[in-house]
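Student: Handing over upload19.pdb, PDB, C-alpha atoms.
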```pdb
ATOM      1  CA  MET A1009     -14.102  21.005 -21.638
ATOM      2  CA  ARG A1010     -13.207  24.546 -20.535
ATOM      3  CA  ALA A1011     -13.768  23.591 -16.894
ATOM      4  CA  ILE A1012     -11.086  20.941 -16.926
ATOM      5  CA  VAL A1013      -8.401  23.021 -18.654
ATOM      6  CA  PRO A1014      -7.195  24.736 -15.407
ATOM      7  CA  PHE A1015      -6.885  21.346 -13.710
ATOM      8  CA  LEU A1016      -4.874  19.927 -16.618
ATOM      9  CA  ILE A1017      -2.607  22.974 -16.458
ATOM     10  CA  THR A1018      -2.096  22.310 -12.730
ATOM     11  CA  ILE A1019      -1.061  18.713 -13.462
ATOM     12  CA  ALA A1020       1.379  19.924 -16.125
ATOM     13  CA  ILE A1021       2.883  22.508 -13.752
ATOM     14  CA  VAL A1022       3.400  19.822 -11.090
ATOM     15  CA  LEU A1023       5.223  17.568 -13.545
ATOM     16  CA  VAL A1024       7.453  20.404 -14.748
ATOM     17  CA  ALA A1025       8.113  21.844 -11.290
ATOM     18  CA  VAL A1026       9.621  18.654  -9.934
ATOM     19  CA  GLU A1027      12.173  18.352 -12.737
ATOM     20  CA  PRO A1028      15.632  18.780 -11.190
ATOM     21  CA  VAL A1029      17.704  21.874 -11.816
ATOM     22  CA  CYS A1030      21.025  20.440 -12.894
ATOM     23  CA  ALA A1031      22.758  23.553 -14.137
ATOM     24  CA  GLY A1032      24.202  24.386 -10.732
ATOM     25  CA  HIS A1033      26.095  21.121 -10.436
ATOM     26  CA  GLY A1034      28.825  22.162 -12.879
ATOM     27  CA  LYS A1035      31.106  19.822 -14.719
ATOM     28  CA  LYS A1036      31.617  17.617 -11.661
ATOM     29  CA  SER A1037      28.094  16.195 -11.963
ATOM     30  CA  SER A1038      28.147  13.075 -14.039
ATOM     31  CA  VAL A1039      25.641  12.296 -16.749
ATOM     32  CA  LYS A1040      24.623   9.209 -14.788
ATOM     33  CA  ARG A1041      23.861  11.223 -11.673
ATOM     34  CA  ARG A1042      21.792  13.774 -13.587
ATOM     35  CA  ALA A1043      19.874  10.978 -15.282
ATOM     36  CA  ALA A1044      19.163   9.359 -11.911
ATOM     37  CA  MET A1045      17.927  12.659 -10.510
ATOM     38  CA  ARG A1046      15.676  13.227 -13.511
ATOM     39  CA  SER A1047      14.244   9.737 -13.116
ATOM     40  CA  HIS A1048      13.635  10.257  -9.378
ATOM     41  CA  HIS A1049      11.894  13.599  -9.816
ATOM     42  CA  SER A1050       9.910  12.404 -12.805
ATOM     43  CA  LEU A1051       8.599   9.528 -10.676
ATOM     44  CA  ALA A1052       7.752  11.960  -7.878
ATOM     45  CA  GLY A1053       5.902  14.182 -10.325
ATOM     46  CA  LYS A1054       3.962  11.241 -11.707
ATOM     47  CA  ARG A1055       2.990  10.236  -8.170
ATOM     48  CA  ILE A1056       1.721  13.737  -7.338
ATOM     49  CA  ALA A1057      -0.189  13.958 -10.616
ATOM     50  CA  LEU A1058      -1.848  10.579 -10.052
ATOM     51  CA  ASP A1059      -2.778  11.572  -6.503
ATOM     52  CA  LEU A1060      -4.350  14.802  -7.788
ATOM     53  CA  LEU A1061      -6.311  12.912 -10.422
ATOM     54  CA  THR A1062      -7.589  10.259  -8.030
ATOM     55  CA  THR A1063      -8.480  12.573  -5.134
ATOM     56  CA  GLN A1064      -9.425  15.956  -6.604
ATOM     57  CA  ALA A1065     -10.402  15.538 -10.254
ATOM     58  CA  SER A1066     -14.004  15.403 -11.392
ATOM     59  CA  GLN A1067     -15.485  12.160 -12.693
ATOM     60  CA  SER A1068     -15.387  13.470 -16.273
ATOM     61  CA  LEU A1069     -11.685  14.307 -15.969
ATOM     62  CA  GLN A1070     -10.931  10.907 -14.432
ATOM     63  CA  GLN A1071     -12.647   9.243 -17.399
ATOM     64  CA  LEU A1072     -10.692  11.470 -19.771
ATOM     65  CA  ALA A1073      -7.484  10.303 -18.080
ATOM     66  CA  GLY A1074      -8.508   6.663 -18.535
ATOM     67  CA  LEU A1075      -9.747   6.047 -14.982
ATOM     68  CA  GLN A1076     -12.965   4.110 -15.484
ATOM     69  CA  GLU A1077     -15.641   3.802 -12.847
ATOM     70  CA  GLY A1078     -14.580   1.481 -10.024
ATOM     71  CA  GLU A1079     -10.870   1.684 -10.821
ATOM     72  CA  LEU A1080     -10.073   4.009  -7.941
ATOM     73  CA  LEU A1081     -10.144   1.262  -5.341
ATOM     74  CA  ASP A1082      -7.304  -1.122  -4.577
ATOM     75  CA  GLY A1083      -5.928  -4.323  -6.019
ATOM     76  CA  GLU A1084      -3.363  -6.094  -8.151
ATOM     77  CA  ASP A1085      -3.362  -7.327 -11.720
ATOM     78  CA  PRO A1086      -3.971 -11.104 -11.336
ATOM     79  CA  ASP A1087      -2.068 -11.913 -14.539
ATOM     80  CA  GLU A1088       1.003  -9.976 -13.360
ATOM     81  CA  VAL A1089       0.825 -11.734  -9.989
ATOM     82  CA  ALA A1090       0.707 -15.104 -11.749
ATOM     83  CA  ARG A1091       3.806 -14.251 -13.802
ATOM     84  CA  GLU A1092       5.941 -12.491 -11.202
ATOM     85  CA  ASP A1093       4.999 -13.767  -7.734
ATOM     86  CA  ASP A1094       7.861 -16.250  -7.930
ATOM     87  CA  VAL A1095       8.671 -16.938  -4.247
ATOM     88  CA  PRO A1096       6.162 -19.525  -3.010
ATOM     89  CA  VAL A1097       5.081 -19.459   0.633
ATOM     90  CA  ASP A1098       4.103 -22.699   2.351
ATOM     91  CA  ILE A1099       0.781 -21.700   3.887
ATOM     92  CA  THR A1100       0.233 -25.182   5.344
ATOM     93  CA  THR A1101       3.452 -24.963   7.356
ATOM     94  CA  ILE A1102       2.583 -21.461   8.550
ATOM     95  CA  ARG A1103      -0.811 -22.718   9.725
ATOM     96  CA  MET A1104       0.971 -25.413  11.759
ATOM     97  CA  PHE A1105       3.679 -23.197  13.249
ATOM     98  CA  TRP A1106       2.087 -19.727  13.358
ATOM     99  CA  MET A1107       2.783 -19.477  17.103
ATOM    100  CA  ALA A1108       6.421 -18.781  16.177
ATOM    101  CA  TYR A1109       5.274 -15.351  14.962
ATOM    102  CA  VAL A1110       3.963 -14.327  18.398
ATOM    103  CA  GLU A1111       7.277 -14.905  20.159
ATOM    104  CA  GLY A1112       9.877 -12.243  20.743
ATOM    105  CA  GLU A1113       9.625  -8.547  21.523
ATOM    106  CA  GLN A1114       6.357  -6.644  21.545
ATOM    107  CA  PRO A1115       5.937  -4.805  18.218
ATOM    108  CA  PRO A1116       6.237  -0.987  18.295
ATOM    109  CA  SER A1117       2.563  -0.634  17.414
ATOM    110  CA  GLY A1118       1.512  -2.322  20.648
ATOM    111  CA  LEU A1119      -0.679  -4.734  18.661
ATOM    112  CA  SER A1120      -1.186  -8.144  20.235
ATOM    113  CA  GLN A1121       0.790 -10.511  18.020
ATOM    114  CA  ARG A1122      -1.411 -13.405  19.089
ATOM    115  CA  GLN A1123      -4.606 -11.545  18.184
ATOM    116  CA  VAL A1124      -3.221 -10.481  14.811
ATOM    117  CA  MET A1125      -2.067 -13.985  13.916
ATOM    118  CA  GLU A1126      -5.322 -15.559  15.080
ATOM    119  CA  PHE A1127      -7.225 -13.082  12.906
ATOM    120  CA  ILE A1128      -5.034 -13.866   9.885
ATOM    121  CA  MET A1129      -5.309 -17.630  10.411
ATOM    122  CA  ASP A1130      -9.095 -17.321  10.558
ATOM    123  CA  TRP A1131      -9.208 -15.293   7.327
ATOM    124  CA  LEU A1132      -6.666 -17.291   5.288
ATOM    125  CA  GLY A1133      -8.268 -18.549   2.094
ATOM    126  CA  ARG A1134     -11.179 -16.105   2.176
ATOM    127  CA  PRO A1135     -11.973 -15.009  -1.388
ATOM    128  CA  TYR A1136     -10.967 -11.691  -2.889
ATOM    129  CA  ARG A1137     -13.734  -9.387  -4.064
ATOM    130  CA  PHE A1138     -13.020  -5.971  -5.527
ATOM    131  CA  GLY A1139     -14.696  -3.441  -3.227
ATOM    132  CA  GLY A1140     -15.725  -6.196  -0.785
ATOM    133  CA  SER A1141     -15.422  -5.832   2.979
ATOM    134  CA  SER A1142     -16.724  -9.087   4.471
ATOM    135  CA  PRO A1143     -15.400 -12.641   4.958
ATOM    136  CA  ASP A1144     -17.439 -13.630   1.899
ATOM    137  CA  GLY A1145     -15.259 -11.378  -0.271
ATOM    138  CA  VAL A1146     -12.740  -8.722   0.708
ATOM    139  CA  ASP A1147     -10.171  -6.482  -0.959
ATOM    140  CA  CYS A1148      -6.772  -5.561   0.451
ATOM    141  CA  SER A1149      -7.598  -2.326   2.261
ATOM    142  CA  ALA A1150     -10.832  -3.689   3.728
ATOM    143  CA  PHE A1151      -8.904  -6.703   5.058
ATOM    144  CA  ILE A1152      -6.459  -4.382   6.834
ATOM    145  CA  GLN A1153      -9.310  -2.213   8.064
ATOM    146  CA  SER A1154     -11.100  -5.273   9.492
ATOM    147  CA  LEU A1155      -7.909  -6.534  11.138
ATOM    148  CA  PHE A1156      -7.210  -3.272  12.963
ATOM    149  CA  ARG A1157     -10.856  -2.939  13.999
ATOM    150  CA  ALA A1158     -10.824  -6.441  15.487
ATOM    151  CA  CYS A1159      -7.353  -6.340  17.063
ATOM    152  CA  ALA A1160      -7.063  -2.720  18.195
ATOM    153  CA  GLY A1161     -10.536  -1.196  18.060
ATOM    154  CA  ALA A1162      -9.107   1.299  15.548
ATOM    155  CA  ILE A1163     -10.824   2.262  12.311
ATOM    156  CA  LEU A1164      -8.443   2.930   9.441
ATOM    157  CA  PRO A1165      -9.682   4.662   6.268
ATOM    158  CA  ARG A1166     -11.197   2.507   3.532
ATOM    159  CA  THR A1167      -8.542   2.667   0.784
ATOM    160  CA  ALA A1168      -4.820   1.894   0.670
ATOM    161  CA  HIS A1169      -4.210   5.430  -0.594
ATOM    162  CA  GLU A1170      -5.810   6.890   2.553
ATOM    163  CA  GLN A1171      -4.181   4.359   4.896
ATOM    164  CA  PHE A1172      -0.771   5.363   3.537
ATOM    165  CA  ALA A1173      -1.154   8.752   5.273
ATOM    166  CA  PHE A1174      -1.037   7.277   8.787
ATOM    167  CA  GLY A1175       1.972   6.316  10.880
ATOM    168  CA  GLN A1176       5.737   6.651  10.741
ATOM    169  CA  GLU A1177       7.192   6.337   7.251
ATOM    170  CA  LEU A1178       9.544   3.398   6.602
ATOM    171  CA  HIS A1179      11.560   3.392   3.391
ATOM    172  CA  GLN A1180      13.545   0.139   3.613
ATOM    173  CA  MET A1181      12.300  -3.436   3.872
ATOM    174  CA  ASN A1182      14.971  -4.132   6.489
ATOM    175  CA  ASP A1183      13.318  -1.581   8.803
ATOM    176  CA  LEU A1184      10.009  -3.441   8.892
ATOM    177  CA  GLN A1185       8.732  -5.102  12.062
ATOM    178  CA  PHE A1186       5.706  -7.189  12.925
ATOM    179  CA  GLY A1187       2.500  -5.179  12.523
ATOM    180  CA  ASP A1188       3.870  -2.564  10.113
ATOM    181  CA  LEU A1189       1.758  -1.838   7.054
ATOM    182  CA  VAL A1190       3.390  -2.441   3.661
ATOM    183  CA  PHE A1191       2.293  -0.579   0.532
ATOM    184  CA  PHE A1192       2.685  -1.228  -3.175
ATOM    185  CA  HIS A1193       2.226   0.482  -6.538
ATOM    186  CA  THR A1194       0.297  -2.194  -8.444
ATOM    187  CA  ARG A1195      -2.018  -0.143 -10.662
ATOM    188  CA  ASN A1196      -1.258   2.648 -13.117
ATOM    189  CA  HIS A1197      -4.175   4.779 -11.957
ATOM    190  CA  ALA A1198      -2.911   5.265  -8.382
ATOM    191  CA  TRP A1199       0.490   5.528  -6.749
ATOM    192  CA  VAL A1200      -0.663   3.552  -3.678
ATOM    193  CA  SER A1201      -2.942   0.717  -4.719
ATOM    194  CA  HIS A1202      -2.213  -2.311  -2.496
ATOM    195  CA  VAL A1203      -1.582  -2.867   1.219
ATOM    196  CA  GLY A1204      -0.718  -5.708   3.577
ATOM    197  CA  ILE A1205       0.582  -6.247   7.124
ATOM    198  CA  TYR A1206       4.150  -7.368   7.812
ATOM    199  CA  LEU A1207       4.763 -10.542   9.835
ATOM    200  CA  GLY A1208       8.540 -10.967   9.766
ATOM    201  CA  ASP A1209      10.987 -13.006   7.667
ATOM    202  CA  LYS A1210      10.026 -10.862   4.618
ATOM    203  CA  LEU A1211       6.460 -12.245   4.796
ATOM    204  CA  PHE A1212       3.239 -10.245   4.844
ATOM    205  CA  ALA A1213      -0.470 -11.043   4.989
ATOM    206  CA  HIS A1214      -2.891  -9.446   2.558
ATOM    207  CA  ALA A1215      -5.934  -9.967   0.375
ATOM    208  CA  SER A1216      -4.541 -10.908  -3.027
ATOM    209  CA  SER A1217      -6.656 -10.383  -6.138
ATOM    210  CA  ARG A1218      -5.492 -13.810  -7.373
ATOM    211  CA  TYR A1219      -5.287 -15.928  -4.202
ATOM    212  CA  GLY A1220      -7.647 -14.250  -1.751
ATOM    213  CA  VAL A1221      -6.411 -13.714   1.794
ATOM    214  CA  THR A1222      -2.931 -15.201   1.855
ATOM    215  CA  ILE A1223       0.660 -14.729   2.952
ATOM    216  CA  SER A1224       3.252 -13.640   0.393
ATOM    217  CA  SER A1225       6.947 -12.838   0.290
ATOM    218  CA  LEU A1226       8.428  -9.384  -0.210
ATOM    219  CA  GLU A1227      11.302 -11.139  -1.982
ATOM    220  CA  SER A1228       9.121 -12.179  -4.921
ATOM    221  CA  THR A1229       9.739 -10.248  -8.130
ATOM    222  CA  TYR A1230       6.211  -8.874  -8.182
ATOM    223  CA  TYR A1231       6.164  -7.351  -4.700
ATOM    224  CA  ARG A1232       9.843  -6.410  -4.492
ATOM    225  CA  LYS A1233       9.750  -4.135  -7.528
ATOM    226  CA  ARG A1234       6.392  -2.592  -6.604
ATOM    227  CA  PHE A1235       7.161  -1.969  -2.932
ATOM    228  CA  ILE A1236       6.691   1.712  -2.034
ATOM    229  CA  GLY A1237       7.397   1.629   1.687
ATOM    230  CA  GLY A1238       5.909   0.875   5.067
ATOM    231  CA  ARG A1239       3.991   2.702   7.760
ATOM    232  CA  ARG A1240       4.348   2.033  11.488
ATOM    233  CA  LEU A1241       1.328   2.859  13.594
ATOM    234  CA  THR A1242       2.231   3.697  17.187
ATOM    235  CA  PRO A1243       0.006   3.098  20.225
ATOM    236  CA  GLY A1244      -0.788   6.821  20.041
ATOM    237  CA  ASP A1245      -1.895   6.482  16.425
ATOM    238  CA  LEU A1246      -4.128   3.542  17.296
ATOM    239  CA  GLN A1247      -5.646   5.449  20.204
ATOM    240  CA  GLN A1248      -6.471   8.397  17.960
ATOM    241  CA  LEU A1249      -8.013   6.098  15.353
ATOM    242  CA  ALA A1250     -10.053   4.394  18.075
ATOM    243  CA  LEU A1251     -11.335   7.754  19.378
ATOM    244  CA  ARG A1252     -12.109   8.777  15.830
ATOM    245  CA  SER A1253     -14.228   5.671  15.336
ATOM    246  CA  GLU A1254     -16.098   6.276  18.626
ATOM    247  CA  SER A1255     -16.984   9.812  17.574
ATOM    248  CA  ARG A1256     -18.763   8.599  14.435
TER     249      ARG A1256
END
```
Written as structure tokens, how would this file's structure read?

Tutor:
Amino acid sequence: MRAIVPFLITIAIVLVAVEPVCAGHGKKSSVKRRAAMRSHHSLAGKRIALDLLTTQASQSLQQLAGLQEGELLDGEDPDEVAREDDVPVDITTIRMFWMAYVEGEQPPSGLSQRQVMEFIMDWLGRPYRFGGSSPDGVDCSAFIQSLFRACAGAILPRTAHEQFAFGQELHQMNDLQFGDLVFFHTRNHAWVSHVGIYLGDKLFAHASSRYGVTISSLESTYYRKRFIGGRRLTPGDLQQLALRSESR
């Protein structure tokens, strides 16, 4: 127990340190604005604390925090998806007209739109398996990892949390383009816990814990309120990831 006390103190310091200092705003700062700032910084502190717990804490401390074995990988809560994924996507129509998604300008990533869509069409309907990484059962981050390996020869890290560290940060849904990665906060134990690839028209492909490999809408209640942001991998990023995989 003594060994984990310093780590717990570190977590507490992080949470306190990010609280906003409102005293300097004077009377002109409204109560609403101060409340919004407190909420923003509290969320940032929670994110940092969760990241510390999931990446640096010992197994005993993770269990003490309620992170059971196997919970550190990715995924959604199937029951929450069933309740809140309220914008249906017609997969049959997409299968018939997927060529429409390979028209237009080349995406910033340099990915071949045709290759990406062919990969997604081939994997649609494959079952979800927590921790899986094959067509017989795959989770969200392994699906993305397999897609980039097949379409760009690039090896992304294994988890959504690690994949979130690569590429240009995108904060708004309106900034997304074909091939951008989209990330979500779907589990309490980790700030980044789900990932997909953006196709356009507010649609993204991913391995859903409820539906398997599918295409969903960012406008659904479930994904809209859990959306963290996007990441845009450039041709340079993909080249570095490809060289990294060759060196292994």

Student: For A:Asp1082, please output as a ChimeraX atom specification all residues within 12 Å (counting all atoms listed in the file; exclusion window: fewer than 5 positions along the same chain).

Tutor: /A:1062,1136-1140,1146-1152,1166-1171,1191-1204,1214-1217

Student: Take atom CA of A:Val1110 and atom CA of A:Gly1145 and report the distance between them in Å, one decimal.

Tutor: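 Between atom CA of A:Val1110 and atom CA of A:Gly1145 the gap works out to 27.0 Å.
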
Student: Restricting the calculation to only C-alpha atoms, which member of A:Ser1228, A:Leu1249, A:Phe1127, A:Gly1244 is positioned closest to A:Ile1205?

Tutor: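 Smallest separation from A:Ile1205 among the options: A:Phe1127.
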
Student: I need the residue nearest A:Gly1118 from this list: A:Pro1165, A:Gly1208, A:Gly1187, A:Gly1237. Use all atoms listed in the file for the distance.

Tutor: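 Under the stated criterion, the closest residue is A:Gly1187.
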
Student: For the provided coordinates, the residues matched by the PyMOL selection byres ((chain A and resi 1113-1116) around 9) should be stated as a CSV table (one decimal) with C-alpha atoms, keeping the file's coordinate frame.

Tutor:
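Once written, selection06.csv looks like this:
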```
chain,number,residue,atom,x,y,z
A,1110,VAL,CA,4.0,-14.3,18.4
A,1111,GLU,CA,7.3,-14.9,20.2
A,1112,GLY,CA,9.9,-12.2,20.7
A,1117,SER,CA,2.6,-0.6,17.4
A,1118,GLY,CA,1.5,-2.3,20.6
A,1119,LEU,CA,-0.7,-4.7,18.7
A,1120,SER,CA,-1.2,-8.1,20.2
A,1121,GLN,CA,0.8,-10.5,18.0
A,1185,GLN,CA,8.7,-5.1,12.1
A,1186,PHE,CA,5.7,-7.2,12.9
A,1187,GLY,CA,2.5,-5.2,12.5
A,1188,ASP,CA,3.9,-2.6,10.1
A,1240,ARG,CA,4.3,2.0,11.5
A,1241,LEU,CA,1.3,2.9,13.6
A,1242,THR,CA,2.2,3.7,17.2
A,1243,PRO,CA,0.0,3.1,20.2
```

Student: One number please: atom CA of A:Leu1132 to atom CA of A:Arg1103, in Å, one decimal.

Tutor: 9.1 Å

Student: Quick one: everything within 10 Å of A:Ala1250, counting only C-alpha atoms, minus sequence neighbours fewer than 5 positions away in the same chain. Send it as a PyMOL selection string.

Tutor: chain A and resi 1156-1157+1160-1164+1244-1245+1255

Student: May I have the selected residues written with C-alpha atoms, as a PDB file, in the frame of the given file?

Tutor:
```pdb
ATOM      1  CA  PHE A1156      -7.210  -3.272  12.963  1.00  0.00           C
ATOM      2  CA  ARG A1157     -10.856  -2.939  13.999  1.00  0.00           C
ATOM      3  CA  ALA A1160      -7.063  -2.720  18.195  1.00  0.00           C
ATOM      4  CA  GLY A1161     -10.536  -1.196  18.060  1.00  0.00           C
ATOM      5  CA  ALA A1162      -9.107   1.299  15.548  1.00  0.00           C
ATOM      6  CA  ILE A1163     -10.824   2.262  12.311  1.00  0.00           C
ATOM      7  CA  LEU A1164      -8.443   2.930   9.441  1.00  0.00           C
ATOM      8  CA  GLY A1244      -0.788   6.821  20.041  1.00  0.00           C
ATOM      9  CA  ASP A1245      -1.895   6.482  16.425  1.00  0.00           C
ATOM     10  CA  SER A1255     -16.984   9.812  17.574  1.00  0.00           C
TER      11      SER A1255
END
```

Student: Atom CA of A:Asp1183 to atom CA of A:Val1097: how many Å, to one decimal?

Tutor: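 These two atoms are separated by 21.3 Å.
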
Student: For A:Leu1207, which of A:Ala1173, A:Ala1108, A:Val1095, A:Leu1251 is the closest residue, counting only C-alpha atoms?

Tutor: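 Closest candidate: A:Ala1108.
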
Student: Which residues fall under the PyMOL selection byres ((chain A and resi 1133) around 7) in this file, as a ChimeraX atom specification?

Tutor: /A:1131-1132,1134-1135,1220-1222

Student: Using the chain letters and numbering of this document, enumerate as a CSV table (one decimal) with C-alpha atoms, in the frame of the given file the residues selected by the PyMOL selection byres ((chain A and resi 1230) around 7).

Tutor:
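The result, written out as expr-v3.csv:
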```
chain,number,residue,atom,x,y,z
A,1089,VAL,CA,0.8,-11.7,-10.0
A,1092,GLU,CA,5.9,-12.5,-11.2
A,1093,ASP,CA,5.0,-13.8,-7.7
A,1228,SER,CA,9.1,-12.2,-4.9
A,1229,THR,CA,9.7,-10.2,-8.1
A,1231,TYR,CA,6.2,-7.4,-4.7
A,1232,ARG,CA,9.8,-6.4,-4.5
A,1233,LYS,CA,9.8,-4.1,-7.5
A,1234,ARG,CA,6.4,-2.6,-6.6
```
